[in-house]
Structures are given as C-alpha cells and as structure tokens.
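What follows is the content of protein04.txt (compact mmCIF, C-alpha atoms).
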```txt
# COMPACT_ATOMS: atom_id res chain seq x y z
CA MET K 1 66.94 55.31 -55.35
CA LYS K 2 70.44 56.23 -56.51
CA ARG K 3 71.09 57.92 -53.20
CA LEU K 4 69.87 54.88 -51.26
CA ILE K 5 72.18 52.58 -53.21
CA LEU K 6 75.06 54.97 -52.53
CA VAL K 7 74.33 55.01 -48.79
CA PHE K 8 74.07 51.21 -48.80
CA ALA K 9 77.39 50.83 -50.62
CA LEU K 10 79.05 53.26 -48.20
CA THR K 11 77.62 51.28 -45.25
CA ILE K 12 79.20 48.07 -46.53
CA VAL K 13 82.56 49.71 -47.29
CA THR K 14 82.62 51.36 -43.83
CA PHE K 15 81.81 48.00 -42.26
CA ALA K 16 84.58 46.17 -44.10
CA VAL K 17 87.15 48.90 -43.37
CA LEU K 18 86.33 49.44 -39.68
CA LEU K 19 85.75 45.79 -38.79
CA PRO K 20 89.43 45.00 -37.99
CA PHE K 21 89.43 47.86 -35.49
CA VAL K 22 86.34 46.90 -33.49
CA SER K 23 86.79 46.30 -29.80
CA THR K 24 86.80 42.68 -28.67
CA THR K 25 86.33 43.31 -24.94
CA PRO K 26 82.90 42.34 -23.55
CA ASP K 27 80.02 44.84 -23.45
CA GLY K 28 78.45 46.12 -20.22
CA VAL K 29 75.94 43.31 -19.78
CA GLN K 30 78.43 40.57 -20.76
CA LYS K 31 81.01 41.87 -18.31
CA LEU K 32 78.53 42.10 -15.44
CA THR K 33 77.29 38.58 -16.22
CA ALA K 34 80.81 37.15 -16.34
CA ASN K 35 81.73 38.85 -13.05
CA SER K 36 78.58 37.67 -11.29
CA GLY K 37 79.69 34.06 -11.72
CA SER K 38 76.14 32.98 -12.53
CA GLN K 39 75.59 30.11 -14.95
CA ARG K 40 73.61 30.97 -18.06
CA GLN K 41 71.47 28.40 -19.77
CA PRO K 42 70.57 29.80 -23.18
CA VAL K 43 67.41 28.47 -24.79
CA TRP K 44 68.76 29.40 -28.21
CA GLY K 45 72.38 29.45 -29.38
CA GLY K 46 71.92 31.30 -32.68
CA LEU K 47 72.98 30.12 -36.13
CA MET K 48 76.17 32.24 -36.30
CA ALA K 49 76.95 32.95 -32.65
CA ASN K 50 79.37 35.81 -31.97
CA TYR K 51 79.02 37.00 -35.58
CA SER K 52 81.31 34.26 -36.73
CA ILE K 53 81.17 31.31 -39.10
CA ALA K 54 83.93 28.70 -39.27
CA LEU K 55 86.13 30.05 -42.06
CA GLY K 56 89.50 30.08 -40.31
CA ASP K 57 90.56 33.71 -40.51
CA PRO K 58 88.65 35.70 -37.86
CA TYR K 59 88.33 38.82 -40.06
CA ILE K 60 86.88 36.83 -42.98
CA SER K 61 84.58 34.86 -40.62
CA THR K 62 83.08 37.98 -39.10
CA LEU K 63 83.00 39.83 -42.42
CA VAL K 64 81.06 37.03 -44.11
CA ALA K 65 78.73 36.61 -41.10
CA GLY K 66 78.16 40.37 -41.07
CA LEU K 67 77.48 40.52 -44.81
CA LEU K 68 75.04 37.61 -44.48
CA GLY K 69 73.38 39.53 -41.63
CA ILE K 70 73.12 42.65 -43.79
CA GLY K 71 71.62 40.57 -46.60
CA ILE K 72 69.06 38.98 -44.27
CA ILE K 73 68.12 42.35 -42.78
CA VAL K 74 67.80 44.07 -46.15
CA ALA K 75 65.63 41.23 -47.49
CA THR K 76 63.31 41.04 -44.47
CA THR K 77 62.89 44.78 -43.94
CA PHE K 78 62.41 45.39 -47.68
CA ALA K 79 59.63 42.78 -47.60
CA LEU K 80 58.11 44.40 -44.51
CA GLY K 81 58.26 47.86 -46.06
CA SER K 82 56.70 46.57 -49.28
CA ILE K 83 53.82 44.99 -47.36
CA ALA K 84 53.26 48.22 -45.39
CA SER K 85 53.14 50.42 -48.49
CA ARG K 86 51.28 47.91 -50.71
CA LYS K 87 48.38 47.82 -48.24
CA LYS K 88 48.31 51.59 -48.41
CA ARG K 89 48.11 51.63 -52.19
CA GLU K 90 45.17 49.21 -52.11
CA ASP K 91 43.42 51.49 -49.63
CA THR K 92 44.07 54.49 -51.86
CA CYS K 93 42.61 52.64 -54.86
CA LYS K 94 39.51 51.71 -52.87
CA SER K 95 38.98 55.29 -51.73
CA ILE K 96 39.10 56.46 -55.36
CA MET H 1 73.60 46.20 -24.14
CA HIS H 2 71.70 43.17 -25.45
CA ILE H 3 70.48 40.97 -22.60
CA PRO H 4 71.51 37.43 -23.59
CA ASP H 5 69.36 34.34 -23.43
CA GLY H 6 69.47 32.55 -20.11
CA LEU H 7 70.30 35.61 -18.03
CA LEU H 8 66.67 36.06 -17.14
CA ILE H 9 65.24 32.59 -16.57
CA PRO H 10 61.72 31.86 -15.35
CA VAL H 11 62.67 28.60 -13.62
CA ASN H 12 65.89 27.83 -11.78
CA PRO H 13 67.47 24.94 -13.74
CA VAL H 14 68.90 23.30 -10.60
CA THR H 15 66.19 23.68 -7.97
CA HIS H 16 63.28 24.01 -10.47
CA ALA H 17 61.94 26.82 -8.30
CA LEU H 18 60.18 29.76 -9.96
CA ASN H 19 62.37 32.85 -10.35
CA VAL H 20 59.69 35.38 -9.54
CA ALA H 21 61.70 38.52 -10.35
CA ASP H 22 63.03 37.11 -13.64
CA THR H 23 59.56 36.00 -14.69
CA LEU H 24 58.07 39.38 -13.83
CA VAL H 25 60.73 41.21 -15.86
CA LEU H 26 60.14 38.93 -18.86
CA VAL H 27 56.36 39.21 -18.66
CA ILE H 28 56.28 42.98 -18.10
CA THR H 29 58.80 43.78 -20.84
CA TRP H 30 56.97 41.59 -23.38
CA ALA H 31 53.63 43.05 -22.26
CA VAL H 32 54.88 46.61 -22.85
CA THR H 33 56.81 45.89 -26.04
CA LEU H 34 54.27 43.86 -28.03
CA PRO H 35 51.49 46.49 -28.03
CA CYS H 36 54.07 49.17 -28.93
CA ILE H 37 55.25 47.15 -31.95
CA ILE H 38 51.70 46.37 -33.06
CA PHE H 39 50.79 50.07 -32.73
CA ALA H 40 53.92 51.04 -34.70
CA TRP H 41 53.00 48.57 -37.45
CA LYS H 42 49.45 49.91 -37.69
CA LYS H 43 50.67 53.51 -37.75
CA THR H 44 53.26 52.63 -40.38
CA LYS H 45 50.58 51.13 -42.62
CA THR H 46 48.28 54.14 -42.30
CA THR H 47 50.72 57.06 -42.00
CA TYR H 48 53.34 56.25 -44.60
CA SER H 49 51.88 56.58 -48.02
CA LYS H 50 55.06 56.53 -50.06
CA SER H 51 56.87 53.29 -50.67
CA LEU H 52 58.91 52.70 -47.58
CA ALA H 53 60.75 49.54 -48.54
CA GLY H 54 64.06 50.94 -49.82
CA THR H 55 64.66 53.45 -47.02
CA LEU H 56 63.59 50.93 -44.37
CA ALA H 57 65.97 48.29 -45.73
CA VAL H 58 69.02 50.56 -46.04
CA THR H 59 68.45 52.22 -42.66
CA SER H 60 68.07 48.84 -40.97
CA ALA H 61 71.33 47.64 -42.57
CA LEU H 62 73.01 50.82 -41.31
CA VAL H 63 71.88 50.18 -37.71
CA PHE H 64 72.98 46.56 -37.91
CA VAL H 65 76.46 47.66 -39.01
CA LEU H 66 76.62 50.46 -36.42
CA GLN H 67 75.79 47.98 -33.67
CA MET H 68 78.55 45.61 -34.85
CA LEU H 69 81.19 48.34 -34.74
CA THR H 70 81.93 48.20 -31.02
CA PHE H 71 84.40 50.61 -29.48
CA PRO H 72 86.15 50.49 -26.10
CA VAL H 73 85.33 52.63 -23.09
CA ALA H 74 87.17 52.72 -19.77
CA GLY H 75 87.43 49.58 -17.67
CA GLY H 76 87.86 46.99 -20.43
CA THR H 77 84.28 47.32 -21.61
CA SER H 78 82.99 47.78 -25.14
CA VAL H 79 79.92 49.62 -26.29
CA HIS H 80 78.15 50.13 -29.57
CA ILE H 81 75.97 52.89 -30.92
CA LEU H 82 72.31 52.10 -30.19
CA GLY H 83 70.98 54.06 -33.16
CA GLY H 84 67.32 54.41 -32.12
CA THR H 85 67.13 58.20 -32.32
CA LEU H 86 68.99 58.36 -35.63
CA VAL H 87 66.71 55.72 -37.15
CA ALA H 88 63.61 57.55 -35.90
CA LEU H 89 64.87 60.74 -37.52
CA ILE H 90 65.31 58.97 -40.84
CA LEU H 91 62.20 56.78 -40.78
CA GLY H 92 59.93 58.49 -38.30
CA PRO H 93 59.15 56.94 -34.92
CA TYR H 94 56.80 54.20 -36.17
CA ALA H 95 58.79 52.69 -39.03
CA GLY H 96 61.88 53.45 -36.91
CA MET H 97 60.59 51.18 -34.17
CA LEU H 98 59.89 48.46 -36.73
CA SER H 99 63.40 48.83 -38.16
CA MET H 100 65.05 48.55 -34.74
CA THR H 101 62.82 45.61 -33.80
CA MET H 102 63.70 43.75 -37.00
CA VAL H 103 67.43 44.32 -36.47
CA LEU H 104 67.23 43.15 -32.85
CA GLY H 105 65.19 40.13 -33.91
CA MET H 106 67.68 39.07 -36.56
CA GLN H 107 70.58 39.65 -34.15
CA ALA H 108 68.91 37.36 -31.61
CA PHE H 109 67.84 34.65 -34.05
CA PHE H 110 70.93 34.42 -36.25
CA PHE H 111 73.75 35.69 -34.05
CA ALA H 112 72.56 34.97 -30.48
CA ASP H 113 73.23 38.67 -29.80
CA GLY H 114 70.46 39.17 -27.28
CA GLY H 115 68.19 36.30 -26.35
CA LEU H 116 64.84 35.12 -27.65
CA LEU H 117 63.14 35.03 -24.24
CA THR H 118 64.74 38.37 -23.41
CA PHE H 119 63.76 39.84 -26.78
CA GLY H 120 60.86 41.71 -25.18
CA ALA H 121 63.27 43.45 -22.82
CA ASN H 122 65.83 44.22 -25.53
CA ALA H 123 63.19 45.58 -27.90
CA LEU H 124 61.79 47.75 -25.11
CA ASN H 125 65.23 49.05 -24.14
CA MET H 126 66.48 49.82 -27.63
CA ALA H 127 63.62 49.89 -30.16
CA VAL H 128 60.82 51.43 -28.10
CA ILE H 129 62.90 53.90 -26.06
CA GLY H 130 64.97 54.87 -29.10
CA SER H 131 61.88 55.60 -31.19
CA LEU H 132 60.17 57.51 -28.41
CA SER H 133 63.15 59.87 -28.23
CA PHE H 134 61.82 61.25 -31.53
CA PHE H 135 59.03 62.93 -29.58
CA LEU H 136 61.55 64.46 -27.19
CA VAL H 137 63.34 66.00 -30.18
CA LYS H 138 59.99 67.32 -31.38
CA LEU H 139 59.18 68.73 -27.96
CA LEU H 140 62.56 70.41 -27.50
CA ALA H 141 62.97 71.72 -31.03
CA GLY H 142 59.40 72.95 -31.28
CA LYS H 143 58.68 75.02 -34.35
CA SER H 144 62.09 76.68 -34.19
CA VAL H 145 64.07 76.77 -37.42
CA SER H 146 67.36 77.41 -35.62
CA PRO H 147 69.90 74.71 -36.56
CA LYS H 148 71.61 75.19 -33.20
CA ARG H 149 68.43 74.48 -31.27
CA PHE H 150 67.74 71.47 -33.51
CA ALA H 151 71.24 70.08 -32.90
CA PHE H 152 70.89 70.69 -29.16
CA SER H 153 67.49 68.96 -29.06
CA LEU H 154 68.93 65.96 -30.87
CA PHE H 155 71.89 65.81 -28.54
CA VAL H 156 69.68 65.87 -25.45
CA ALA H 157 67.17 63.33 -26.83
CA THR H 158 69.84 60.88 -27.98
CA PHE H 159 71.70 61.13 -24.69
CA ALA H 160 68.46 60.74 -22.71
CA ALA H 161 67.53 57.65 -24.73
CA ALA H 162 70.94 56.04 -24.17
CA THR H 163 70.80 56.79 -20.44
CA LEU H 164 67.25 55.48 -20.08
CA THR H 165 68.19 52.35 -22.03
CA ALA H 166 71.14 51.77 -19.69
CA LEU H 167 69.01 52.41 -16.61
CA LEU H 168 66.26 50.02 -17.76
CA THR H 169 68.79 47.33 -18.68
CA GLY H 170 70.49 47.77 -15.31
CA VAL H 171 67.17 47.38 -13.49
CA GLU H 172 66.01 44.42 -15.57
CA ILE H 173 69.16 42.40 -14.98
CA GLY H 174 69.78 43.80 -11.48
CA VAL H 175 66.60 42.35 -10.00
CA SER H 176 67.24 38.94 -11.60
CA GLN H 177 68.39 35.79 -9.85
CA ALA H 178 71.74 36.05 -11.65
CA PHE H 179 72.82 39.06 -9.57
CA VAL H 180 71.29 38.11 -6.21
CA ASN H 181 74.66 37.19 -4.74
CA SER H 182 76.78 39.85 -6.42
CA GLY H 183 75.09 43.09 -5.47
CA GLY H 184 71.89 43.24 -7.55
CA LEU H 185 70.71 46.70 -8.53
CA SER H 186 73.50 48.46 -6.62
CA LEU H 187 75.98 46.74 -8.94
CA THR H 188 74.19 46.69 -12.28
CA VAL H 189 72.59 50.15 -12.41
CA PRO H 190 75.74 52.24 -11.67
CA SER H 191 77.79 49.97 -13.90
CA MET H 192 75.44 50.26 -16.89
CA LEU H 193 74.97 53.99 -16.40
CA SER H 194 78.69 54.74 -16.17
CA VAL H 195 79.48 52.82 -19.37
CA TYR H 196 76.52 54.13 -21.37
CA THR H 197 76.97 57.73 -20.30
CA VAL H 198 80.16 57.66 -22.37
CA GLU H 199 78.40 55.87 -25.22
CA GLY H 200 75.52 58.34 -24.99
CA LEU H 201 77.86 61.31 -25.40
CA VAL H 202 79.48 59.75 -28.47
CA GLU H 203 76.14 58.76 -29.99
CA ALA H 204 74.53 62.12 -29.21
CA THR H 205 77.38 63.95 -30.95
CA LEU H 206 77.24 61.65 -33.96
CA THR H 207 73.45 61.86 -34.27
CA SER H 208 73.47 65.66 -33.98
CA VAL H 209 76.12 66.04 -36.66
CA VAL H 210 74.55 63.57 -39.11
CA ALA H 211 70.98 64.79 -38.65
CA THR H 212 71.90 68.48 -38.80
CA ALA H 213 73.70 67.82 -42.08
CA LEU H 214 70.65 65.93 -43.37
CA MET H 215 68.37 68.75 -42.23
CA ALA H 216 70.48 71.32 -44.04
CA SER H 217 69.97 69.43 -47.30
CA LEU H 218 66.32 68.66 -46.60
CA PRO H 219 64.83 70.48 -49.61
CA SER H 220 66.75 68.24 -51.99
CA LEU H 221 66.00 65.18 -49.87
CA GLN H 222 62.24 65.51 -49.94
CA ALA H 223 61.80 63.21 -52.89
CA SER H 224 64.15 60.55 -51.55
CA GLY H 225 62.39 60.58 -48.20
CA VAL H 226 64.19 61.30 -44.98
CA ILE H 227 60.77 60.63 -43.54
CA GLY H 228 61.44 61.31 -39.86
CA LEU H 229 62.82 64.79 -40.44
CA ARG H 230 59.83 65.65 -42.62
CA MET H 231 57.46 64.40 -39.91
CA LEU H 232 59.37 66.47 -37.37
CA LYS H 233 58.75 69.59 -39.42
CA GLY H 234 55.07 68.72 -39.74
CA LYS H 235 55.29 68.14 -43.48
CA ASP H 236 52.71 66.01 -45.24
CA LEU H 237 54.10 62.61 -46.16
CA ARG H 238 51.97 62.15 -49.23
```
Once more with this new file: its structure as structure tokens, please.
Amino acid sequence: MKRLILVFALTIVTFAVLLPFVSTTPDGVQKLTANSGSQRQPVWGGLMANYSIALGDPYISTLVAGLLGIGIIVATTFALGSIASRKKREDTCKSI
Amino acid sequence: MHIPDGLLIPVNPVTHALNVADTLVLVITWAVTLPCIIFAWKKTKTTYSKSLAGTLAVTSALVFVLQMLTFPVAGGTSVHILGGTLVALILGPYAGMLSMTMVLGMQAFFFADGGLLTFGANALNMAVIGSLSFFLVKLLAGKSVSPKRFAFSLFVATFAAATLTALLTGVEIGVSQAFVNSGGLSLTVPSMLSVYTVEGLVEATLTSVVATALMASLPSLQASGVIGLRMLKGKDLR
C-alpha cells in the first residue's frame, strides 16, 4: 500500500511539473479533421472540454481539471476494483 | 488519437441521408468492443483473487496523466503515450482492458476527449488492442528468463500495438463521410501511421525500460502485486 501511495504521489508531482511543457499543437486525428474542412456536430460537449475549467490562468485551469480527472478516475476504478474482488471473496467463502 | 464526437455520424445533418460507412464503423467497433469488455470483466472477477482496487486505481490515474502529457512530433502534430501495453503488464490483460476503458470513458464524458458515439472505436483502438499486446509479449518472451529477450519482446509488442492502433484509427476515420472529399483512406492511413510510428518508438522504449526495471525487482514486488508481470511468468495469483 505504501508503494502504491508513493507511485500515486509521484504521478501527481510529475503531472504538475510537466504540464507547462506539454505540446499544444493538435493530435493526428484533430489535424486531419481540421484539414478536411468537414463540419463536426458533437452529440456531447463534455463537462470540462479541452481539460480546462474557467479559472483564468491556463496552467491552473488545466491543472485543476486534470486533478479533478485523476480524482474521478481513482474513485471510479477503486470502486470497480473493489466490486471485482469483493465478489471473489464471497465466492471463496461459499466454496469453503 | 481519440476520435472525437461528430466525426463519425450515422446521419448527415444537412441532407438527413444515412452515412452508411460511418454507421458501419460505429456498429462494428461497438460490436467488437462490448463483448471484449464484458469478457474482460468476467475474467477479472474470476482470475484476480487478491484485492485489485488500489493497483487498478493508481495505474488508471497513471495512464490518464500519461495521455495528458502530449509531446510534439514532426509536422506540427502532437501525440501522447497510449499506455495499453504498460497497463497490461501491471494489471494483466483483463483488468488492464478495464482500466483503459474506464480512463477512455472518463475522458469522453468529462473532457470531450474522444466522443461518446465513437467510444466503441476508441476503446477498440486503445483499450482492446493495447491489452491484447500482452499476449504478444507472452508469445515472444516465451519461458525465457533473459532480460534482453524480455525487453525486446516488450519493445516489439508495444510498437506493434501503437502501429495497429494508428492503422485502425486511420481506417475508421478514412472511410467516413468526413474525408470523402479530402482523400479518404489514402490521406488518413499514411498520416496516422507516420505520426504514430514516432510515438510507438518512444512508447516502446519507455515501456521496455519501465517494465524491465519492474521485472528486475519482481521478487520484492510479489506482495504489492505487479499482476501482469506475474501472469506473464505463469505465477499463481492467489
């Protein structure tokens, strides 16, 4: 558990430190889409589109959006993992 | 790499005509992805007997961060690490697929990074292909204990996964209505492959280095569960 917390802390520190250096040019699909001139009609715009929430400073906006994302992912996957292993424990109890 | 919402659309918004190719891509990708995810979930429940929650959560956070840290390649294009092979090595292919699927789902829902309709395609390209590369590592590394052969197998599998992901993405968007007038497959496939060949080399190097280091310290990691590596070596998970 200690090791997991250490890896998690390192992940967040790495994120915060490297974030100002990330590339802002479009990715492969975005660039192709932009060049094709086709009009996109999204059915869903996301709650924090472009990893940004309106906080003024772009670094802070993306940092906060990213940290919220990390929080959401940790919470949902932890729940999923708990469900997966809880079922297993019940099965083990039954087999005993 | 994430196909955004609205790029593949079943019905043309102006003419209201059915986009046959777009619809087919959406239907086929969902039809392939859903059973894979359900199978991965079932396998995760039956195969993994130790508590998975902590490792799954931290690994998923790691992939999310890795995918946010975009870096430039030639031609004014950015790429990010896909992470599928690395995740499969840490979590095993089944929980690895679940981890990647969850990350892609949250990216689509909260950040509009990848669409909801196109989620089937994105999950196929990144979660399913990435997890399957685990079996390529297993095939190439065999029962060998040589660290060099292990590193080489990882390099090849990661690179193959990135290339296949790029190829699939190129085909999926290339046949769509959006690229009918700008070259279709002859534009999208070479473009995706050229960009993601570079990304694949970077990711393959990174994955080899990280996983070889993890493998070297495997005896002390057994309790903390680098599950994928243990599965790769045929160790009992219980």
- Message: Quick one: residues within 10 Å of segment 14-30 of chain K, all atoms listed in the file, excluding same-chain residues fewer than 6 positions away - as a ChimeraX atom specification?
- Response: /K:8,36,58-60,62-64,66-67 /H:1-4,7,62,64-66,68-73,75-80,166,169-170,173,188,191-196
- Message: Could you work out which residues of chain K fall inside 7 Å of chain H? Count only C-alpha atoms, and format the result as JSON, numbers by chain.
- Response: {"K": [4, 8, 11, 15, 19, 22, 23, 25, 26, 27, 28, 29, 36, 38, 40, 41, 42, 43, 44, 45, 46, 47, 48, 49, 50, 51, 70, 73, 74, 77, 78, 79, 81, 82, 84, 85, 87, 88]}
- Item | Between atom CA of Ile28 of chain H and atom CA of Gly92 of chain H, distance in Å (one decimal) |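 Distance reported for this atom pair: 25.7 Å.
Comparing the minimum interatomic distances between Leu68 of chain K and each of K:Arg86, K:Val13, K:Ile53, K:Asn35, counting all atoms listed in the file, we find that K:Ile53 sits nearest.
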- Task: Work out how far apart atom CA of Ser217 of chain H and atom CA of Phe155 of chain H are and give it in Å to one decimal.
- Result: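 If I compute the distance from atom CA of Ser217 of chain H to atom CA of Phe155 of chain H, I get 19.2 Å.
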- Message: For a test of reading the model, state the distance in Å between atom CA of Ala141 of chain H and atom CA of Met97 of chain H, rounded to one decimal.
- Response: 20.9 Å
- Message: Nearest residue to Ile90 of chain H out of H:Val226, H:Val209, H:Met126, H:Cys36, using only C-alpha atoms?
- Response: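 Result for the nearest residue to Ile90 of chain H: H:Val226.
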- Task: Return the single residue from H:Leu214, H:Leu206, H:Leu82, H:Ala151 that is closest to Leu164 of chain H, with distances computed using only C-alpha atoms.
- Result: H:Leu82
- Item | Residue neighbourhood Leu136 of chain H, 8 Å, only C-alpha atoms, exclusion window fewer than 4 positions, as a list in words |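 Residues near the query, excluding close chain neighbours: Leu132, Leu140, Ser153 and Ala157 of chain H.
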- Query: Pick from H:Phe119, H:Phe150, H:Phe135, H:Tyr94: nearest to Met215 of chain H, with only C-alpha atoms counted?
  - Reply: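 Using only C-alpha atoms, Met215 of chain H sits closest to H:Phe150.
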- Could you name the residues that touch Leu89 of chain H at 10 Å or less, counting all atoms listed in the file, but leaving out those on the same chain fewer than 5 positions away, as a list in words?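 Within the cut-off, the hits are Gly84, Gly96, Ser131, Ser133, Phe134, Val137, Leu154, Thr207, Ala211, Leu214, Met215, Val226, Ile227, Gly228, Leu229, Arg230, Met231 and Leu232 of chain H.
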